[in-house]
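**Q** Before I ask anything, here is the structure I am working with.
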Amino acid sequence: MINTKDTPAHPDGSPSRDPGLEEVHLRQQAIGVKLRHMFDEVVNEPVPDEFLEILRRADEASTKEGQ
Amino acid sequence: MTSPSPAPRPPSANDGAFKAELVTLIPHLRAFARTLTGDPTSADDLAQEAMMKAWDARASYQMGTNMKAWTFMILRNQFYSEKRRSWRQTQLDQEAAERTLIAVDDPEAPVALDELRQALRTLPEEQREALILVGAGGFAYEEAAEICQCAVGTVKSRVSRARKALQATLERGGYERDGKSAGDAMRSILADADRLSGAGRG
């Protein structure tokens, strides 16, 4: 019954398709949306100053070395 | 005069471009680190270490190639080499995670995202990272294979197995929340995804 063929999710389920298969696609798509949302939530967080500070110090140190 | 340096480097024009590009990647490195460690604090430590490793290795990076994939590979290698060193700590973390999985019983908790996070923790590591890279990080299978240093076919099968396992876990309800029937996790994911994509389908 459940076809596990790895086809891309179908956005607007067409009624002619196997409803079981359609449901699997819908669920996989929903998981995909949530997954991206979870990841993007962190991407969209402001970067802590620490990161830029560390990089700035490293850059300064290497510039001095190079002189 | 100049003091003897290991390798003569051109002045910092290249460094400037490298740094500018590296800075744009920090948010992505943080997100990837968060999915690997599952903990914001150690994730930021990991992301900072990876950022510095990338900076130190900038002479070996060719401008114009895929810096995002390159830095992700550095971060991933860093994660696994640290993990090998501290396997004991990792084991404890896993036990803690399993306890949390059972102990989540706050009926008011934001269900969908929380359950997805927890369901992700139940996946084998190599499946989780493959799914994150392809499904959330926006990498092609080929790029993910490069990052994980494995064959493209391996990435494809890991992603496919991860998707199925994740769905199965969410449909089982997995975590046995009090008073919630199995399948609630999947239902809340579906509802939330609908809201997020703003598609309002029936």
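For the structure tokens, the naming scheme is as follows: chains receive sequential letters (A, B, ...) according to their order of presentation, residues are indexed from 1 within each chain, and ligands are indexed from 1 in presentation order.
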Pull the helix (DSSP H, G or I) assignments for range 9-66 of chain A out of DSSP run on the backbone, and list those residues as a count of residues only.
**A** 43
**Q** Counting only C-alpha atoms, which residues of chain A come no farther than 6 Å from chain B, as a PyMOL selection string?
**A** chain A and resi 30+33-36+39+42-43
**Q** What separation in Å, quoted to one decimal, exists between CA of Val155 in chain B and CA of Glu125 in chain B?
**A** 12.4 Å
**Q** Give me, please, the distance in Å between CA of Phe51 in chain A and CA of Ala50 in chain B, quoted to one decimal.
**A**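 Atom-to-atom, CA of Phe51 in chain A and CA of Ala50 in chain B are spaced 10.9 Å apart.
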**Q** So the first atom is CA of His37 in chain A and the second is CA of Glu115 in chain B; what is the distance between them in Å, to one decimal place?
**A**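 Going from CA of His37 in chain A over to CA of Glu115 in chain B, I get 13.4 Å.
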**Q** If you count only C-alpha atoms, which residues fall within 7 Å of range 67-71 of chain B, apart from same-chain ones fewer than 6 positions away, as number ranges by chain?
**A** B: 25, 54, 143, 147
**Q** Any chance you can output those residues with N, CA and C atoms as a PDB file, in the first residue's frame?
**A**
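That gives us out_14.pdb:
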```pdb
ATOM      1  N   LEU B  25      28.705  33.805   6.496  1.00  0.00           N
ATOM      2  CA  LEU B  25      28.397  32.389   6.720  1.00  0.00           C
ATOM      3  C   LEU B  25      28.179  32.051   8.191  1.00  0.00           C
ATOM      4  N   ALA B  54      38.715  27.915   9.841  1.00  0.00           N
ATOM      5  CA  ALA B  54      38.578  28.369   8.458  1.00  0.00           C
ATOM      6  C   ALA B  54      39.481  29.571   8.207  1.00  0.00           C
ATOM      7  N   GLU B 143      26.999  18.369  -2.944  1.00  0.00           N
ATOM      8  CA  GLU B 143      27.691  19.214  -1.961  1.00  0.00           C
ATOM      9  C   GLU B 143      27.672  18.564  -0.583  1.00  0.00           C
ATOM     10  N   ILE B 147      30.767  17.526   1.890  1.00  0.00           N
ATOM     11  CA  ILE B 147      30.867  17.925   3.292  1.00  0.00           C
ATOM     12  C   ILE B 147      31.046  16.706   4.196  1.00  0.00           C
TER      13      ILE B 147
END
```
